[in-house]
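S.K.: Provided herewith: run_37.csv, CSV, C-alpha atoms.
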chain,number,residue,atom,x,y,z
A,1,MET,CA,-24.0,-39.8,-25.3
A,2,GLN,CA,-25.4,-37.1,-27.6
A,3,ASN,CA,-28.6,-37.0,-25.5
A,4,SER,CA,-26.6,-36.2,-22.3
A,5,LEU,CA,-26.9,-32.8,-20.7
A,6,PHE,CA,-23.1,-32.4,-21.0
A,7,TYR,CA,-23.2,-32.9,-24.8
A,8,LYS,CA,-26.0,-30.3,-25.1
A,9,VAL,CA,-24.2,-27.7,-23.1
A,10,ALA,CA,-20.8,-28.3,-24.7
A,11,ASN,CA,-22.2,-28.0,-28.2
A,12,ARG,CA,-24.5,-25.0,-27.7
A,13,ASN,CA,-23.2,-22.0,-29.6
A,14,LEU,CA,-23.5,-18.9,-27.5
A,15,LEU,CA,-25.0,-17.0,-30.4
A,16,ASP,CA,-27.9,-19.5,-30.4
A,17,TRP,CA,-29.3,-18.0,-27.2
A,18,LYS,CA,-32.3,-16.0,-28.2
A,19,GLN,CA,-32.5,-13.8,-25.1
A,20,LEU,CA,-29.2,-12.0,-24.2
A,21,SER,CA,-30.5,-10.2,-21.2
A,22,LEU,CA,-33.8,-10.4,-19.3
A,23,LYS,CA,-35.3,-8.6,-16.3
A,24,PHE,CA,-37.1,-10.2,-13.3
A,25,THR,CA,-38.7,-8.7,-10.2
A,26,LEU,CA,-38.7,-10.3,-6.8
A,27,PHE,CA,-41.5,-9.4,-4.4
A,28,ARG,CA,-42.3,-6.4,-6.6
A,29,ASN,CA,-39.4,-4.3,-5.3
A,30,ARG,CA,-36.2,-6.1,-6.1
A,31,VAL,CA,-35.4,-6.0,-9.8
A,32,PHE,CA,-32.5,-7.9,-11.3
A,33,GLU,CA,-31.2,-8.6,-14.7
A,34,VAL,CA,-29.7,-11.8,-16.0
A,35,ASP,CA,-27.5,-12.2,-19.1
A,36,TYR,CA,-28.1,-15.4,-21.1
A,37,PRO,CA,-30.6,-16.8,-18.5
A,38,GLU,CA,-31.0,-20.0,-20.5
A,39,ALA,CA,-27.3,-20.7,-20.2
A,40,LEU,CA,-27.5,-20.1,-16.4
A,41,ILE,CA,-30.3,-22.6,-16.1
A,42,GLU,CA,-28.4,-25.2,-18.1
A,43,ALA,CA,-25.2,-24.6,-16.1
A,44,TYR,CA,-27.1,-25.0,-12.9
A,45,CYS,CA,-28.7,-28.3,-14.0
A,46,PHE,CA,-25.4,-29.5,-15.2
A,47,GLN,CA,-24.2,-29.7,-11.6
A,48,SER,CA,-26.1,-33.0,-11.3
A,49,ASP,CA,-28.2,-35.2,-13.6
A,50,PHE,CA,-30.8,-35.0,-10.9
A,51,PHE,CA,-31.6,-31.4,-11.8
A,52,ALA,CA,-32.0,-32.2,-15.5
A,53,GLY,CA,-35.6,-33.5,-15.2
A,54,TYR,CA,-36.6,-34.2,-11.7
A,55,ASP,CA,-39.8,-32.3,-11.4
A,56,TRP,CA,-41.9,-32.1,-14.6
A,57,LYS,CA,-44.9,-34.5,-14.7
A,58,ARG,CA,-43.5,-36.7,-12.0
A,59,LYS,CA,-45.6,-39.5,-10.6
A,60,ARG,CA,-47.9,-38.1,-8.0
A,61,ASP,CA,-47.1,-40.7,-5.4
A,62,ASP,CA,-44.8,-41.1,-2.4
A,63,SER,CA,-41.8,-41.9,-4.6
A,64,SER,CA,-41.6,-38.2,-5.4
A,65,TYR,CA,-40.2,-37.6,-1.9
A,66,ASP,CA,-37.2,-39.9,-2.4
A,67,SER,CA,-35.1,-37.1,-3.9
A,68,VAL,CA,-36.0,-34.3,-1.5
A,69,GLY,CA,-32.5,-34.6,0.2
A,70,LEU,CA,-30.9,-33.6,-3.1
A,71,ILE,CA,-32.4,-30.1,-2.9
A,72,GLY,CA,-31.3,-29.5,0.7
A,73,ALA,CA,-34.1,-31.0,2.8
A,74,ARG,CA,-32.2,-33.8,4.5
A,75,THR,CA,-34.5,-35.4,7.1
A,76,LYS,CA,-34.6,-38.6,9.1
A,77,ASN,CA,-36.9,-41.3,7.7
A,78,GLY,CA,-39.2,-41.1,10.6
A,79,VAL,CA,-39.6,-37.3,10.3
A,80,LEU,CA,-40.1,-37.5,6.5
A,81,LYS,CA,-42.8,-40.2,7.1
A,82,LYS,CA,-44.7,-37.8,9.4
A,83,CYS,CA,-44.5,-35.1,6.7
A,84,LYS,CA,-45.8,-37.5,4.0
A,85,GLU,CA,-48.7,-38.6,6.1
A,86,LEU,CA,-49.6,-35.0,6.9
A,87,ILE,CA,-49.5,-34.0,3.2
A,88,ARG,CA,-51.5,-37.1,2.2
A,89,ASN,CA,-54.2,-36.0,4.7
A,90,HIS,CA,-54.3,-32.6,2.8
A,91,LYS,CA,-54.1,-34.0,-0.7
A,92,ASN,CA,-57.4,-32.3,-1.6
A,93,LEU,CA,-56.1,-28.8,-1.2
A,94,GLY,CA,-57.3,-26.8,-4.1
A,95,ILE,CA,-53.9,-25.4,-5.0
A,96,PHE,CA,-52.5,-28.9,-5.5
A,97,SER,CA,-54.6,-29.4,-8.6
A,98,LEU,CA,-53.3,-26.2,-10.3
A,99,VAL,CA,-50.2,-25.2,-12.3
A,100,LEU,CA,-48.7,-21.7,-12.1
A,101,ASP,CA,-50.4,-20.4,-15.2
A,102,THR,CA,-53.9,-21.4,-14.0
A,103,PHE,CA,-53.3,-20.1,-10.4
A,104,ILE,CA,-52.3,-16.6,-11.4
A,105,GLU,CA,-55.5,-16.3,-13.5
A,106,LYS,CA,-57.6,-16.8,-10.4
A,107,THR,CA,-59.3,-13.8,-8.7
A,108,HIS,CA,-57.5,-12.1,-5.8
A,109,GLU,CA,-60.1,-13.6,-3.4
A,110,GLU,CA,-59.6,-17.2,-4.8
A,111,LYS,CA,-55.8,-17.0,-4.6
A,112,ASP,CA,-56.0,-15.6,-1.1
A,113,ARG,CA,-58.2,-18.6,0.0
A,114,LEU,CA,-55.9,-21.1,-1.7
A,115,THR,CA,-52.7,-19.6,-0.1
A,116,LEU,CA,-54.4,-19.5,3.3
A,117,GLU,CA,-55.1,-23.3,3.0
A,118,LEU,CA,-51.4,-23.7,2.0
A,119,HIS,CA,-50.3,-21.6,4.9
A,120,GLU,CA,-52.2,-23.8,7.4
A,121,LEU,CA,-50.5,-27.0,6.0
A,122,ALA,CA,-47.1,-25.3,6.0
A,123,GLU,CA,-47.7,-24.3,9.6
A,124,GLU,CA,-48.4,-27.9,10.6
A,125,LEU,CA,-45.3,-29.1,8.7
A,126,ASP,CA,-43.2,-26.3,10.3
A,127,ASP,CA,-44.3,-27.6,13.8
A,128,ILE,CA,-42.8,-31.0,13.1
A,129,PRO,CA,-39.4,-31.2,15.0
A,130,GLY,CA,-36.6,-31.1,12.5
A,131,ILE,CA,-38.5,-29.6,9.7
A,132,GLY,CA,-39.2,-25.9,9.7
A,133,PHE,CA,-40.7,-23.8,6.9
A,134,SER,CA,-37.8,-24.0,4.5
A,135,LYS,CA,-37.7,-27.8,4.5
A,136,ALA,CA,-41.5,-27.9,4.4
A,137,THR,CA,-41.6,-26.0,1.1
A,138,LYS,CA,-38.9,-28.2,-0.4
A,139,ILE,CA,-40.8,-31.3,0.6
A,140,LEU,CA,-44.0,-29.9,-0.8
A,141,HIS,CA,-42.2,-28.9,-4.0
A,142,THR,CA,-41.0,-32.4,-4.7
A,143,ARG,CA,-44.6,-33.5,-4.5
A,144,TYR,CA,-46.3,-30.6,-6.4
A,145,PRO,CA,-43.5,-29.0,-8.4
A,146,GLU,CA,-45.9,-27.3,-10.9
A,147,ILE,CA,-47.2,-24.9,-8.2
A,148,ILE,CA,-45.4,-25.1,-4.9
A,149,PRO,CA,-42.2,-22.9,-4.6
A,150,ILE,CA,-39.1,-23.5,-2.6
A,151,ILE,CA,-38.9,-20.7,-0.1
A,152,ASP,CA,-35.6,-21.2,1.7
A,153,ASN,CA,-33.9,-19.1,4.4
A,154,PRO,CA,-32.0,-16.7,2.0
A,155,LEU,CA,-35.3,-15.9,0.2
A,156,GLN,CA,-37.0,-15.3,3.6
A,157,ASP,CA,-34.1,-13.0,4.5
A,158,GLU,CA,-34.5,-11.1,1.3
A,159,TYR,CA,-38.2,-10.8,1.9
A,160,ARG,CA,-37.7,-9.5,5.4
A,161,SER,CA,-35.2,-6.9,4.1
A,162,LEU,CA,-37.9,-5.6,1.8
A,163,LYS,CA,-40.7,-5.9,4.3
A,164,PRO,CA,-39.2,-5.4,7.8
A,165,GLN,CA,-42.7,-5.4,9.4
A,166,TRP,CA,-43.2,-9.0,8.3
A,167,LYS,CA,-43.2,-11.6,11.1
A,168,GLU,CA,-41.8,-15.1,10.6
A,169,GLY,CA,-44.7,-17.5,10.7
A,170,ASP,CA,-47.0,-15.4,8.5
A,171,TRP,CA,-46.6,-17.8,5.7
A,172,HIS,CA,-49.9,-16.7,4.2
A,173,GLN,CA,-48.6,-13.2,3.4
A,174,LEU,CA,-45.3,-14.7,2.1
A,175,PHE,CA,-47.0,-17.1,-0.2
A,176,ASN,CA,-49.3,-14.3,-1.5
A,177,ASP,CA,-46.3,-12.0,-2.2
A,178,TYR,CA,-44.4,-14.8,-3.8
A,179,TYR,CA,-47.1,-15.6,-6.3
A,180,ASP,CA,-47.7,-11.9,-7.0
A,181,ASN,CA,-44.2,-11.9,-8.6
A,182,PHE,CA,-46.0,-13.3,-11.7
A,183,LEU,CA,-48.6,-10.7,-11.9
A,184,LEU,CA,-45.9,-8.4,-13.3
A,185,LYS,CA,-46.2,-9.0,-17.1
A,186,GLU,CA,-42.5,-8.5,-17.8
A,187,THR,CA,-41.4,-11.0,-15.1
A,188,PHE,CA,-43.9,-13.7,-16.2
A,189,SER,CA,-43.4,-13.1,-19.9
A,190,ASN,CA,-39.6,-13.4,-19.5
A,191,LEU,CA,-40.0,-16.5,-17.3
A,192,ARG,CA,-42.1,-18.1,-20.0
A,193,LYS,CA,-39.4,-17.3,-22.6
A,194,VAL,CA,-36.7,-18.9,-20.6
A,195,HIS,CA,-38.8,-21.9,-19.7
A,196,SER,CA,-39.6,-22.4,-23.4
A,197,GLU,CA,-35.9,-22.2,-24.3
A,198,VAL,CA,-34.9,-24.9,-21.8
A,199,SER,CA,-37.9,-27.1,-22.3
A,200,PHE,CA,-35.6,-30.1,-22.9
A,201,LEU,CA,-34.6,-29.9,-19.2
A,202,ASN,CA,-38.2,-30.8,-18.2
A,203,LEU,CA,-38.3,-28.2,-15.4
A,204,THR,CA,-41.5,-26.4,-14.3
A,205,LYS,CA,-41.8,-22.7,-14.4
A,206,VAL,CA,-41.7,-22.6,-10.6
A,207,ARG,CA,-38.3,-24.4,-10.6
A,208,VAL,CA,-36.9,-22.2,-13.4
A,209,PHE,CA,-37.8,-19.1,-11.4
A,210,ASP,CA,-36.3,-20.7,-8.3
A,211,ILE,CA,-33.0,-21.1,-10.0
A,212,LEU,CA,-33.0,-17.5,-11.3
A,213,TRP,CA,-33.7,-15.9,-7.9
A,214,TRP,CA,-31.4,-18.3,-6.1
A,215,SER,CA,-28.6,-17.3,-8.5
A,216,PHE,CA,-29.4,-13.6,-8.0
A,217,LEU,CA,-29.2,-13.9,-4.2
A,218,LYS,CA,-26.0,-15.9,-4.5
A,219,SER,CA,-24.5,-13.2,-6.7
A,220,LYS,CA,-24.9,-10.5,-4.0
A,221,ASN,CA,-24.1,-12.6,-1.0
A,222,LYS,CA,-21.4,-10.8,0.9
A,223,GLU,CA,-19.7,-14.1,1.7
A,224,HIS,CA,-18.8,-14.3,-2.0
A,225,LYS,CA,-17.6,-10.7,-2.4
A,226,ASP,CA,-14.4,-11.9,-4.0
A,227,ILE,CA,-16.4,-13.4,-6.9
A,228,LYS,CA,-17.1,-10.9,-9.6
A,229,TRP,CA,-20.6,-11.6,-10.9
A,230,LYS,CA,-20.9,-9.9,-14.3
A,231,THR,CA,-23.9,-11.6,-15.7
A,232,ILE,CA,-26.4,-11.0,-12.9
A,233,ARG,CA,-27.1,-7.4,-11.8
A,234,GLN,CA,-29.4,-5.8,-9.2
A,235,LEU,CA,-31.2,-2.9,-10.8
A,236,LYS,CA,-33.4,-1.9,-7.9
Let me see whether you can do it: turn the structure in this file into structure tokens.
M.R.:
Amino acid sequence: MQNSLFYKVANRNLLDWKQLSLKFTLFRNRVFEVDYPEALIEAYCFQSDFFAGYDWKRKRDDSSYDSVGLIGARTKNGVLKKCKELIRNHKNLGIFSLVLDTFIEKTHEEKDRLTLELHELAEELDDIPGIGFSKATKILHTRYPEIIPIIDNPLQDEYRSLKPQWKEGDWHQLFNDYYDNFLLKETFSNLRKVHSEVSFLNLTKVRVFDILWWSFLKSKNKEHKDIKWKTIRQLK
């Protein structure tokens, strides 16, 4: 019982949180601030035991796809099978052997080549009826959580609002700009701090950042205008 996530959340003294407020930047132009980000991550994971450790050092085999529906990528078995076969055929993509820290240390040219390869695979997945790009990234994330981000429709909409010239389908540019988030020292340094504080949840840095930006976008969603979000603020 004492090892359960509920126990850890319920018995965590608010004063124990080391970082009261941290800033993050999304696509280099959208700056937001989160109070007690570690608490936010724990609260998010507490929604389901699934989120408490589903992605760190998972077995790199087809069993990793079994839980993809739990992060919003519900697909028919036949369609998911096509995706698995396609990803298996591209298992030697260079980016799949990396984690976020090693990827961002690559040269601009190396990263561009790696994201171009990822774009080509995402494009093939996107073409499968019933998938689309959002589901494609969720499926890829369950297989390679250390490096592949979830880029769902709300995040694409936010990107489009910042870069209105961007055309849907240019996944190469979108991947490049996503990974460029971590070239900003403040964002990556703060992400590493939060990731360290919630290490017992066994989440990757990619997944931690996913929860942070998803919560930020949720906080400014006009559909939830009656909810007063006081711990997440857009600064720019």
S.K.: Quick one: of A:Leu20, A:Gly78, A:Ile128, A:Phe32, who's nearest to Lys220 in chain A, counting all atoms listed in the file?
M.R.: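 Looking at the shortest contact to Lys220 in chain A, the residue is A:Phe32.
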S.K.: Given the point (-40.7, -13.3, -22.4) in the file's coordinates, find the residues that have an atom at most 12 Å from it, counting all atoms listed in the file, and give them as a ChimeraX atom specification.
M.R.: /A:18-24,37-38,182,184-197
S.K.: Could you list, as a list in words, every residue within 12 Å of range 170-173 of chain A, counting all atoms listed in the file and ignoring same-chain residues fewer than 6 positions away?
M.R.: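 Close residues of range 170-173 of chain A: Phe27, Lys111, Asp112, Arg113, Leu114, Thr115, Leu116, Glu117, Leu118, His119, Glu120, Leu121, Ala122, Glu123, Glu124, Leu125, Asp126, Gly132, Phe133, Ser134, Ala136, Thr137, Ile151, Gln156, Tyr159, Arg160, Lys163, Tyr179 and Asp180 of chain A.
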S.K.: One number please: CA of Arg28 in chain A to CA of Leu93 in chain A, in Å, one decimal.
M.R.: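 Atom-to-atom, CA of Arg28 in chain A and CA of Leu93 in chain A are spaced 26.9 Å apart.
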S.K.: List the neighbours of range 214-218 of chain A out to 12 Å using all atoms listed in the file; skip same-chain residues closer than 4 positions along the sequence, and give me the result as a PDB file with C-alpha atoms, keeping the file's coordinate frame.
M.R.:
ATOM      1  CA  LYS A  23     -35.300  -8.600 -16.300  1.00  0.00           C
ATOM      2  CA  PHE A  24     -37.100 -10.200 -13.300  1.00  0.00           C
ATOM      3  CA  THR A  25     -38.700  -8.700 -10.200  1.00  0.00           C
ATOM      4  CA  LEU A  26     -38.700 -10.300  -6.800  1.00  0.00           C
ATOM      5  CA  ARG A  30     -36.200  -6.100  -6.100  1.00  0.00           C
ATOM      6  CA  VAL A  31     -35.400  -6.000  -9.800  1.00  0.00           C
ATOM      7  CA  PHE A  32     -32.500  -7.900 -11.300  1.00  0.00           C
ATOM      8  CA  GLU A  33     -31.200  -8.600 -14.700  1.00  0.00           C
ATOM      9  CA  VAL A  34     -29.700 -11.800 -16.000  1.00  0.00           C
ATOM     10  CA  ASP A  35     -27.500 -12.200 -19.100  1.00  0.00           C
ATOM     11  CA  PRO A  37     -30.600 -16.800 -18.500  1.00  0.00           C
ATOM     12  CA  LEU A  40     -27.500 -20.100 -16.400  1.00  0.00           C
ATOM     13  CA  ILE A  41     -30.300 -22.600 -16.100  1.00  0.00           C
ATOM     14  CA  ALA A  43     -25.200 -24.600 -16.100  1.00  0.00           C
ATOM     15  CA  TYR A  44     -27.100 -25.000 -12.900  1.00  0.00           C
ATOM     16  CA  PRO A 149     -42.200 -22.900  -4.600  1.00  0.00           C
ATOM     17  CA  ILE A 150     -39.100 -23.500  -2.600  1.00  0.00           C
ATOM     18  CA  ILE A 151     -38.900 -20.700  -0.100  1.00  0.00           C
ATOM     19  CA  ASP A 152     -35.600 -21.200   1.700  1.00  0.00           C
ATOM     20  CA  ASN A 153     -33.900 -19.100   4.400  1.00  0.00           C
ATOM     21  CA  PRO A 154     -32.000 -16.700   2.000  1.00  0.00           C
ATOM     22  CA  LEU A 155     -35.300 -15.900   0.200  1.00  0.00           C
ATOM     23  CA  GLN A 156     -37.000 -15.300   3.600  1.00  0.00           C
ATOM     24  CA  ASP A 157     -34.100 -13.000   4.500  1.00  0.00           C
ATOM     25  CA  GLU A 158     -34.500 -11.100   1.300  1.00  0.00           C
ATOM     26  CA  TYR A 159     -38.200 -10.800   1.900  1.00  0.00           C
ATOM     27  CA  ARG A 207     -38.300 -24.400 -10.600  1.00  0.00           C
ATOM     28  CA  VAL A 208     -36.900 -22.200 -13.400  1.00  0.00           C
ATOM     29  CA  PHE A 209     -37.800 -19.100 -11.400  1.00  0.00           C
ATOM     30  CA  ASP A 210     -36.300 -20.700  -8.300  1.00  0.00           C
ATOM     31  CA  LYS A 222     -21.400 -10.800   0.900  1.00  0.00           C
ATOM     32  CA  GLU A 223     -19.700 -14.100   1.700  1.00  0.00           C
ATOM     33  CA  HIS A 224     -18.800 -14.300  -2.000  1.00  0.00           C
ATOM     34  CA  LYS A 225     -17.600 -10.700  -2.400  1.00  0.00           C
ATOM     35  CA  ILE A 227     -16.400 -13.400  -6.900  1.00  0.00           C
ATOM     36  CA  LYS A 228     -17.100 -10.900  -9.600  1.00  0.00           C
ATOM     37  CA  TRP A 229     -20.600 -11.600 -10.900  1.00  0.00           C
ATOM     38  CA  LYS A 230     -20.900  -9.900 -14.300  1.00  0.00           C
ATOM     39  CA  THR A 231     -23.900 -11.600 -15.700  1.00  0.00           C
ATOM     40  CA  ILE A 232     -26.400 -11.000 -12.900  1.00  0.00           C
ATOM     41  CA  ARG A 233     -27.100  -7.400 -11.800  1.00  0.00           C
ATOM     42  CA  GLN A 234     -29.400  -5.800  -9.200  1.00  0.00           C
ATOM     43  CA  LEU A 235     -31.200  -2.900 -10.800  1.00  0.00           C
TER      44      LEU A 235
END
S.K.: What does the distance from CA of Val79 in chain A to CA of Phe96 in chain A come to in Å, to one decimal?
M.R.: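 Value for the CA of Val79 in chain A-CA of Phe96 in chain A distance: 22.1 Å.
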S.K.: Between CA of Lys138 in chain A and CA of Asn89 in chain A, measure the distance and give it in Å to one decimal.
M.R.: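 Going from CA of Lys138 in chain A over to CA of Asn89 in chain A, I get 17.9 Å.
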S.K.: Check the smallest atom-to-atom distance from each of A:Arg143, A:Lys236, A:Lys167, A:Lys106 to Lys91 in chain A using all atoms listed in the file, then report the winner.
M.R.: A:Arg143
S.K.: Which is closest to Leu203 in chain A among A:Cys45, A:Ile131, A:Ile148, A:Leu174, if we use only C-alpha atoms?
M.R.: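 Ranking A:Cys45, A:Ile131, A:Ile148, A:Leu174 by distance to Leu203 in chain A, first place goes to A:Cys45.
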S.K.: Nearest residue to Asn181 in chain A out of A:Gly94, A:Lys82, A:Glu146, A:Trp213, using only C-alpha atoms?
M.R.: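 Smallest distance to Asn181 in chain A is found for A:Trp213.
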